[in-house]
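Trainee: Below you'll find start-v9.txt; it's compact mmCIF, C-alpha atoms.
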# COMPACT_ATOMS: atom_id res chain seq x y z
CA MET A 263 111.12 109.72 100.26
CA ARG A 264 109.03 107.01 101.89
CA PHE A 265 106.18 108.62 103.82
CA PRO A 266 104.55 107.04 106.88
CA LYS A 267 101.26 105.35 106.01
CA PRO A 268 99.03 107.96 107.76
CA LEU A 269 100.58 110.59 105.46
CA ARG A 270 101.11 108.48 102.33
CA ASP A 271 97.56 107.19 101.98
CA PRO A 272 95.64 110.50 102.27
CA LEU A 273 98.16 112.11 99.92
CA ALA A 274 97.61 109.36 97.36
CA HIS A 275 93.85 109.79 97.69
CA LEU A 276 94.17 113.39 96.49
CA VAL A 277 95.61 112.42 93.11
CA VAL A 278 93.48 109.29 92.76
CA SER A 279 90.36 111.43 93.16
CA ALA A 280 91.69 114.09 90.79
CA VAL A 281 92.49 111.63 88.02
CA THR A 282 89.33 109.58 88.45
CA ASP A 283 87.25 112.75 88.00
CA PRO A 284 89.39 115.69 86.80
CA THR A 285 86.53 118.17 87.23
CA SER A 286 86.68 117.41 90.97
CA ALA A 287 90.40 118.01 91.39
CA ALA A 288 89.90 121.13 93.52
CA PRO A 289 91.33 119.62 96.75
CA LEU A 290 94.59 118.67 95.01
CA TRP A 291 94.76 122.06 93.28
CA ALA A 292 94.14 123.86 96.58
CA PHE A 293 96.61 121.72 98.52
CA ARG A 294 99.27 122.45 95.92
CA HIS A 295 98.65 126.16 96.46
CA PHE A 296 98.90 125.69 100.22
CA CYS A 297 102.26 123.91 99.84
CA HIS A 298 103.64 126.68 97.62
CA LEU A 299 102.76 129.25 100.28
CA ALA A 300 103.80 127.13 103.28
CA LEU A 301 107.34 126.78 101.94
CA ARG A 302 107.68 130.57 102.10
CA PHE A 303 106.98 130.77 105.84
CA PRO A 304 109.67 129.70 108.34
CA ASP A 305 107.21 127.69 110.43
CA GLY A 306 105.33 126.23 107.46
CA SER A 307 102.02 127.80 108.45
CA VAL A 308 99.90 129.98 106.16
CA PRO A 309 97.40 132.70 107.14
CA ILE A 310 93.94 131.44 106.26
CA ARG A 311 93.02 134.85 104.84
CA THR A 312 95.86 134.44 102.32
CA LEU A 313 94.45 131.10 101.22
CA GLU A 314 91.03 132.64 100.70
CA SER A 315 92.28 135.12 98.09
CA PRO A 316 90.95 134.43 94.56
CA LEU A 317 93.26 132.23 92.49
CA PRO A 318 93.16 131.55 88.73
CA ARG A 319 92.13 127.99 87.95
CA PRO A 320 92.30 125.80 84.84
CA PRO A 321 89.17 126.08 82.68
CA TRP A 322 88.36 122.39 83.17
CA LEU A 323 88.47 122.60 86.96
CA ALA A 324 85.17 123.19 88.68
CA GLY A 325 84.62 123.48 92.38
CA SER A 326 85.01 125.66 95.40
CA PRO A 327 87.52 128.38 96.36
CA VAL A 328 90.87 127.36 97.81
CA GLY A 329 89.91 127.83 101.43
CA GLU A 330 86.78 125.72 101.07
CA ALA A 331 88.52 123.00 99.08
CA LEU A 332 91.14 122.62 101.82
CA ARG A 333 88.59 121.99 104.58
CA GLY A 334 88.19 118.33 103.77
CA ILE A 335 91.92 117.54 103.80
CA SER A 336 92.73 115.71 107.02
CA LEU A 337 96.48 116.35 106.69
CA LEU A 338 95.99 120.01 107.60
CA ALA A 339 95.43 121.47 111.05
CA PRO A 340 94.70 125.01 112.31
CA VAL A 341 97.33 126.69 114.41
CA SER A 342 97.26 129.89 116.42
CA ASP A 343 96.36 133.32 114.98
CA GLY A 344 94.21 132.04 112.13
CA ARG A 345 96.87 130.01 110.35
CA LEU A 346 96.88 126.59 108.72
CA ALA A 347 99.73 124.07 108.61
CA LEU A 348 100.42 120.41 108.03
CA ALA A 349 99.28 118.43 111.07
CA PRO A 350 102.12 118.22 113.65
CA PRO A 351 103.12 114.59 112.94
CA PHE A 352 103.75 115.52 109.30
CA ALA A 353 105.20 119.04 109.54
CA ARG A 354 108.79 117.88 109.01
CA TYR A 355 107.82 116.34 105.67
CA LEU A 356 106.64 119.63 104.14
CA PRO A 357 109.34 119.98 101.42
CA ALA A 358 108.91 116.35 100.34
CA VAL A 359 105.11 116.65 100.44
CA ALA A 360 105.28 119.78 98.27
CA ALA A 361 107.44 117.95 95.72
CA GLN A 362 105.10 114.96 95.69
CA VAL A 363 102.04 117.16 95.24
CA GLU A 364 103.75 118.92 92.34
CA ALA A 365 104.19 115.54 90.65
CA TYR A 366 100.57 114.70 91.39
CA TRP A 367 99.33 117.92 89.87
CA ALA A 368 101.45 117.48 86.73
CA ALA A 369 99.92 114.03 86.17
CA ALA A 370 96.35 115.14 86.88
CA GLU A 371 96.64 118.28 84.73
CA ALA A 372 98.17 116.43 81.77
CA PHE A 373 95.44 113.78 81.92
CA ALA A 374 92.63 116.35 82.14
CA GLU A 375 94.02 118.34 79.22
CA GLN A 376 94.10 115.31 76.93
CA GLY A 377 90.36 115.75 76.53
CA ARG A 378 90.00 112.04 75.84
CA PRO A 379 86.46 110.62 76.18
CA ARG A 380 86.19 108.70 79.41
CA ARG A 381 85.19 105.07 79.10
CA ALA A 382 83.43 103.02 81.78
CA GLY A 383 84.21 100.24 84.24
CA VAL A 384 87.52 98.42 83.98
CA ALA A 385 88.47 100.28 80.79
CA ARG A 386 88.06 103.64 82.50
CA ALA A 387 90.00 102.52 85.56
CA LEU A 388 92.89 101.34 83.39
CA GLU A 389 92.93 104.63 81.50
CA CYS A 390 93.03 106.58 84.77
CA GLY A 391 95.58 104.22 86.28
CA ALA A 392 97.82 104.64 83.26
CA ALA A 393 97.92 108.40 83.85
CA LEU A 394 99.52 107.71 87.24
CA TYR A 395 101.66 104.74 86.22
CA ASN A 396 103.17 106.63 83.27
CA ALA A 397 104.06 109.46 85.68
CA HIS A 398 105.98 106.88 87.81
CA LEU A 399 103.36 107.13 90.58
CA TYR A 400 103.27 103.41 91.21
CA PHE A 401 101.78 103.31 94.71
CA GLU A 402 99.03 105.65 93.55
CA THR A 403 98.38 103.38 90.55
CA HIS A 404 97.84 100.54 93.01
CA GLU A 405 95.43 102.63 95.08
CA LEU A 406 93.35 103.63 92.06
CA LEU A 407 93.14 100.19 90.43
CA GLU A 408 92.44 98.41 93.69
CA GLU A 409 89.13 100.28 93.91
CA ILE A 410 87.87 98.62 90.71
CA TRP A 411 89.58 95.29 91.43
CA VAL A 412 87.61 94.69 94.63
CA GLU A 413 84.37 95.15 92.68
CA GLN A 414 85.16 92.43 90.14
CA PRO A 415 83.67 88.95 90.41
CA ARG A 416 86.03 85.99 90.45
CA GLY A 417 87.39 85.35 86.99
CA ARG A 418 89.82 86.47 84.32
CA ASP A 419 89.39 90.23 84.68
CA ARG A 420 89.97 90.13 88.42
CA ILE A 421 93.12 88.04 88.04
CA ILE A 422 94.60 90.27 85.34
CA LEU A 423 93.81 93.45 87.27
CA GLN A 424 95.50 91.99 90.33
CA GLY A 425 98.54 91.24 88.19
CA ILE A 426 98.75 94.84 86.95
CA ILE A 427 98.34 96.11 90.51
CA GLN A 428 101.09 93.82 91.79
CA ALA A 429 103.37 94.93 88.96
CA ALA A 430 102.91 98.55 90.06
CA VAL A 431 103.60 97.57 93.68
CA GLY A 432 106.78 95.80 92.58
CA LEU A 433 108.00 98.99 90.90
CA TYR A 434 107.09 100.98 94.01
CA HIS A 435 109.32 98.65 96.05
CA PHE A 436 112.15 99.17 93.55
CA GLN A 437 111.77 102.95 93.94
CA HIS A 438 112.49 102.51 97.64
CA GLU A 439 115.29 99.99 97.09
CA ASN A 440 113.33 97.05 98.47
CA TRP A 441 114.72 94.85 95.73
CA ARG A 442 113.87 91.49 97.25
CA GLY A 443 110.24 92.43 97.90
CA GLY A 444 109.91 94.06 94.50
CA ILE A 445 111.26 91.04 92.65
CA ARG A 446 108.83 88.77 94.49
CA VAL A 447 105.70 90.92 94.03
CA LEU A 448 106.51 91.78 90.42
CA GLY A 449 106.88 88.07 89.71
CA TYR A 450 103.42 87.40 91.13
CA GLY A 451 102.04 90.22 89.03
CA LEU A 452 103.62 89.05 85.81
CA SER A 453 102.24 85.53 86.20
CA LYS A 454 98.70 86.91 86.57
CA ALA A 455 98.95 89.71 84.00
CA ALA A 456 100.10 87.27 81.31
CA ALA A 457 96.48 86.11 80.98
CA GLY A 458 95.63 89.52 79.50
CA ARG A 459 97.89 89.18 76.47
CA PRO A 460 97.80 90.54 73.80
CA VAL A 461 95.17 93.19 74.66
CA PHE A 462 93.22 93.86 77.86
CA TYR A 463 90.50 96.49 77.53
CA GLY A 464 92.63 98.29 74.96
CA LEU A 465 95.85 98.06 76.98
CA ALA A 466 98.77 96.68 74.97
CA MET A 467 99.75 93.83 77.24
CA ASP A 468 102.54 92.19 75.21
CA SER A 469 104.94 95.14 75.41
CA PHE A 470 103.85 95.92 78.98
CA HIS A 471 104.43 92.37 80.19
CA ASP A 472 107.69 91.76 78.32
CA GLY A 473 109.16 95.09 79.38
CA LEU A 474 108.40 94.42 83.04
CA ALA A 475 109.83 90.93 82.78
CA GLY A 476 113.08 92.47 81.56
CA CYS A 477 113.08 94.92 84.47
CA ARG A 478 112.60 92.06 86.92
CA LEU A 479 115.64 90.31 85.48
CA ALA A 480 117.68 93.50 85.96
CA ALA A 481 116.61 94.03 89.58
CA PRO A 482 119.04 91.56 91.25
CA ALA A 483 121.79 94.12 90.60
CA GLY A 484 120.21 96.11 93.41
CA LEU A 485 120.45 93.12 95.71
CA ALA A 486 124.13 92.90 94.85
CA GLY A 487 124.63 96.50 95.93
CA ASP A 488 124.65 98.19 92.51
CA ARG A 489 121.75 100.54 93.22
CA VAL A 490 122.22 102.69 90.12
CA ALA A 491 122.06 99.80 87.69
CA PHE A 492 118.28 99.38 87.55
CA PRO A 493 117.12 100.46 84.05
CA TRP A 494 114.32 102.86 84.91
CA GLU A 495 114.31 104.06 81.31
CA ALA A 496 113.30 100.53 80.26
CA VAL A 497 110.14 100.43 82.42
CA PRO A 498 107.38 100.01 79.82
CA PRO A 499 104.53 102.51 79.69
CA MET A 500 100.87 101.55 79.76
CA ARG A 501 99.78 102.28 76.18
CA PHE A 502 96.39 102.51 74.51
CA GLY A 503 95.40 103.08 70.92
CA GLU A 504 92.73 105.38 69.53
CA GLY A 505 89.35 104.45 70.89
CA GLY A 506 90.97 102.11 73.38
CA ASP A 507 92.54 99.79 70.78
CA ALA A 508 96.02 98.73 71.75
CA LEU A 509 98.92 100.31 69.92
Will you turn the file into structure tokens for me?
Mentor:
Amino acid sequence: MRFPKPLRDPLAHLVVSAVTDPTSAAPLWAFRHFCHLALRFPDGSVPIRTLESPLPRPPWLAGSPVGEALRGISLLAPVSDGRLALAPPFARYLPAVAAQVEAYWAAAEAFAEQGRPRRAGVARALECGAALYNAHLYFETHELLEEIWVEQPRGRDRIILQGIIQAAVGLYHFQHENWRGGIRVLGYGLSKAAAGRPVFYGLAMDSFHDGLAGCRLAAPAGLAGDRVAFPWEAVPPMRFGEGGDAL
């Protein structure tokens, strides 16, 4: 489902923050718990006292109790009788939000449990972005990588990062059947990302670039009305080798 921007962007921020620093994933963890409970109530609201009950947490997750972790999430609003719900403009999206948050948590948890040493700068951002991209969270990949892209001076790294970001945006458009826009943006991305071949901060760019080029060639089937023909199984992963060396 395509969410409105005021819902989509804060949602994406939850998983971007969790993947960037897995020890600070408490808001995503708490919001997931809220969604589980909200689906059980006919009106989608949860008693705050229920949210404040102790809840087992992964050993790698530090932070505050559920109730405290939820306080900074702007998507939630108090309702009568000490209950909490999605803010009124977003209440109708609760089932889809819960499903999206489940996908977010799966990506964040898997990444945290890898126990891989975190690198720095662009290399770290790519490693974190790959955790989202490989979970098919393409808009969220864009959001995470854009934060490091804007910090880069003009030059090769900035151009290649923009290409990877645009490639993710192209796939996001394909997910929502915007084939024309996806073909265009993915093309821009491929032309920029090609400068990173064969390896960009440990990312194997040859297979990444060539696989996406093949997907772009397959996308016109969507324009022709064959919406099931796009080869999602052929979308290449972002792959790294041990110590950041490309596989």
Trainee: For stretch 432-445 of chain A, what centre and edge lengths in Å (one decimal) does the axis-aligned box get once 6 Å is added on each side of all its listed atoms, as JSON?
Mentor:
{"center_x": 111.0, "center_y": 97.0, "center_z": 94.7, "size_x": 20.5, "size_y": 23.9, "size_z": 19.6}
Trainee: Got a sec to check which residues sit within 10 Å of (104.8, 88.9, 91.3), counting all atoms listed in the file, and write them as a PDB file with C-alpha atoms, keeping the file's coordinate frame?
Mentor:
ATOM      1  CA  GLN A 424      95.500  91.990  90.330  1.00  0.00           C
ATOM      2  CA  GLY A 425      98.540  91.240  88.190  1.00  0.00           C
ATOM      3  CA  ILE A 426      98.750  94.840  86.950  1.00  0.00           C
ATOM      4  CA  ILE A 427      98.340  96.110  90.510  1.00  0.00           C
ATOM      5  CA  GLN A 428     101.090  93.820  91.790  1.00  0.00           C
ATOM      6  CA  ALA A 429     103.370  94.930  88.960  1.00  0.00           C
ATOM      7  CA  ALA A 430     102.910  98.550  90.060  1.00  0.00           C
ATOM      8  CA  VAL A 431     103.600  97.570  93.680  1.00  0.00           C
ATOM      9  CA  GLY A 432     106.780  95.800  92.580  1.00  0.00           C
ATOM     10  CA  GLY A 443     110.240  92.430  97.900  1.00  0.00           C
ATOM     11  CA  GLY A 444     109.910  94.060  94.500  1.00  0.00           C
ATOM     12  CA  ILE A 445     111.260  91.040  92.650  1.00  0.00           C
ATOM     13  CA  ARG A 446     108.830  88.770  94.490  1.00  0.00           C
ATOM     14  CA  VAL A 447     105.700  90.920  94.030  1.00  0.00           C
ATOM     15  CA  LEU A 448     106.510  91.780  90.420  1.00  0.00           C
ATOM     16  CA  GLY A 449     106.880  88.070  89.710  1.00  0.00           C
ATOM     17  CA  TYR A 450     103.420  87.400  91.130  1.00  0.00           C
ATOM     18  CA  GLY A 451     102.040  90.220  89.030  1.00  0.00           C
ATOM     19  CA  LEU A 452     103.620  89.050  85.810  1.00  0.00           C
ATOM     20  CA  SER A 453     102.240  85.530  86.200  1.00  0.00           C
ATOM     21  CA  LYS A 454      98.700  86.910  86.570  1.00  0.00           C
ATOM     22  CA  ALA A 455      98.950  89.710  84.000  1.00  0.00           C
ATOM     23  CA  ARG A 478     112.600  92.060  86.920  1.00  0.00           C
TER      24      ARG A 478
END
Trainee: Set out as CSV a contact list for stretch 368-487 of chain A and stretch 321-345 of chain A with a cut-off of 12 Å, giving each residue of stretch 368-487 of chain A that qualifies its closest atom pair and distance in Å to one decimal, counting only C-alpha atoms, ordered by chain and rising residue number.
Mentor:
residue,atom,partner,partner_atom,distance
A:Ala370,CA,A:Leu323,CA,10.9
A:Glu371,CA,A:Trp322,CA,9.4
A:Ala372,CA,A:Trp322,CA,11.6
A:Phe373,CA,A:Trp322,CA,11.2
A:Ala374,CA,A:Trp322,CA,7.5
A:Glu375,CA,A:Trp322,CA,8.0
A:Gln376,CA,A:Trp322,CA,11.0
A:Gly377,CA,A:Trp322,CA,9.6
Trainee: Write out, as a PDB file, in the coordinates of the input, the residues just selected, with C-alpha atoms.
Mentor:
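Saved file part.pdb follows:
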ATOM      1  CA  ALA A 370      96.350 115.140  86.880  1.00  0.00           C
ATOM      2  CA  GLU A 371      96.640 118.280  84.730  1.00  0.00           C
ATOM      3  CA  ALA A 372      98.170 116.430  81.770  1.00  0.00           C
ATOM      4  CA  PHE A 373      95.440 113.780  81.920  1.00  0.00           C
ATOM      5  CA  ALA A 374      92.630 116.350  82.140  1.00  0.00           C
ATOM      6  CA  GLU A 375      94.020 118.340  79.220  1.00  0.00           C
ATOM      7  CA  GLN A 376      94.100 115.310  76.930  1.00  0.00           C
ATOM      8  CA  GLY A 377      90.360 115.750  76.530  1.00  0.00           C
TER       9      GLY A 377
END
Trainee: Go through A:Ala483, A:Thr282, A:Val363, A:Ala353 one by one, measure the shortest atom-to-atom distance of each to A:Ala387 using all atoms listed in the file, and give the residue with the smallest value.
Mentor: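 Residue with the minimum atom-to-atom distance to A:Ala387: A:Thr282.
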Trainee: Taking (90.5, 110.0, 94.9) as a centre in this file's frame and 12 Å as the limit, can you find every polymer residue with an atom that close, using all atoms listed in the file, and give them as a PyMOL selection string?
Mentor: chain A and resi 271-290+335+366+370+387+390-391+402-403+405-409
Trainee: From the options A:Pro357, A:Gly383, A:Leu388, A:Leu394, which residue's atoms come nearest to A:Glu413, counting all atoms listed in the file?
Mentor: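 The closest residue to A:Glu413 is A:Gly383.
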Trainee: One number please: atom CA of A:Pro499 to atom CA of A:Leu474, in Å, one decimal.
Mentor: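 Atom CA of A:Leu474 lies 9.6 Å from atom CA of A:Pro499.
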Trainee: To one decimal in Å, tell me the separation between atom CA of A:Cys297 and atom CA of A:Thr312.
Mentor: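 We find that atom CA of A:Cys297 and atom CA of A:Thr312 lie 12.6 Å from each other.
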Trainee: Please compute the atom CA of A:Tyr355-atom CA of A:Pro309 distance, one decimal, in Å.
Mentor: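 Separating atom CA of A:Tyr355 from atom CA of A:Pro309 is a distance of 19.5 Å.
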Trainee: Within 8 Å of A:Trp441, counting all atoms listed in the file, which residues show up once you throw out same-chain ones fewer than 2 positions away? Write them as a list in words, please.
Mentor: His435, Phe436, Glu439, Gly443, Gly444, Ile445, Ala481, Pro482, Gly484 and Leu485 of chain A
Trainee: Counting only C-alpha atoms, what is within 10 Å of A:Pro460, bar same-chain residues fewer than 3 positions away, as a compact mmCIF listing (two decimals) with C-alpha atoms, in the frame of the given file?
Mentor:
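Everything below was put into part37.txt:
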# COMPACT_ATOMS: atom_id res chain seq x y z
CA ALA A 456 100.10 87.27 81.31
CA ALA A 457 96.48 86.11 80.98
CA GLY A 464 92.63 98.29 74.96
CA LEU A 465 95.85 98.06 76.98
CA ALA A 466 98.77 96.68 74.97
CA MET A 467 99.75 93.83 77.24
CA ASP A 468 102.54 92.19 75.21
CA SER A 469 104.94 95.14 75.41
CA PHE A 470 103.85 95.92 78.98
CA HIS A 471 104.43 92.37 80.19
CA ALA A 508 96.02 98.73 71.75
Trainee: Can you tell me which residues surround A:Ala300 at a distance of at most 10 Å, considering all atoms listed in the file, apart from same-chain residues fewer than 4 positions away, and format the answer as number ranges by chain?
Mentor: A: 294-296, 304-309, 346-348, 356-357, 360
Trainee: Using only C-alpha atoms, can you tell me which of A:Gly476, A:Pro498, A:Pro415, A:Pro266 comes closest to A:Asn396?
Mentor: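 For A:Asn396, the nearest of the candidates is A:Pro498.
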Trainee: For a quick check of understanding, using all atoms listed in the file, which of A:Ile310, A:Pro351, A:Ala393, A:Val359 has the smallest distance to A:His298?
Mentor: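 When distances to A:His298 are compared using all atoms listed in the file, the smallest one comes from A:Val359.
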Trainee: Using only C-alpha atoms, which residue out of A:Arg270, A:Asp419, A:Phe352, A:Val461 lies closest to A:Arg501?
Mentor: A:Val461
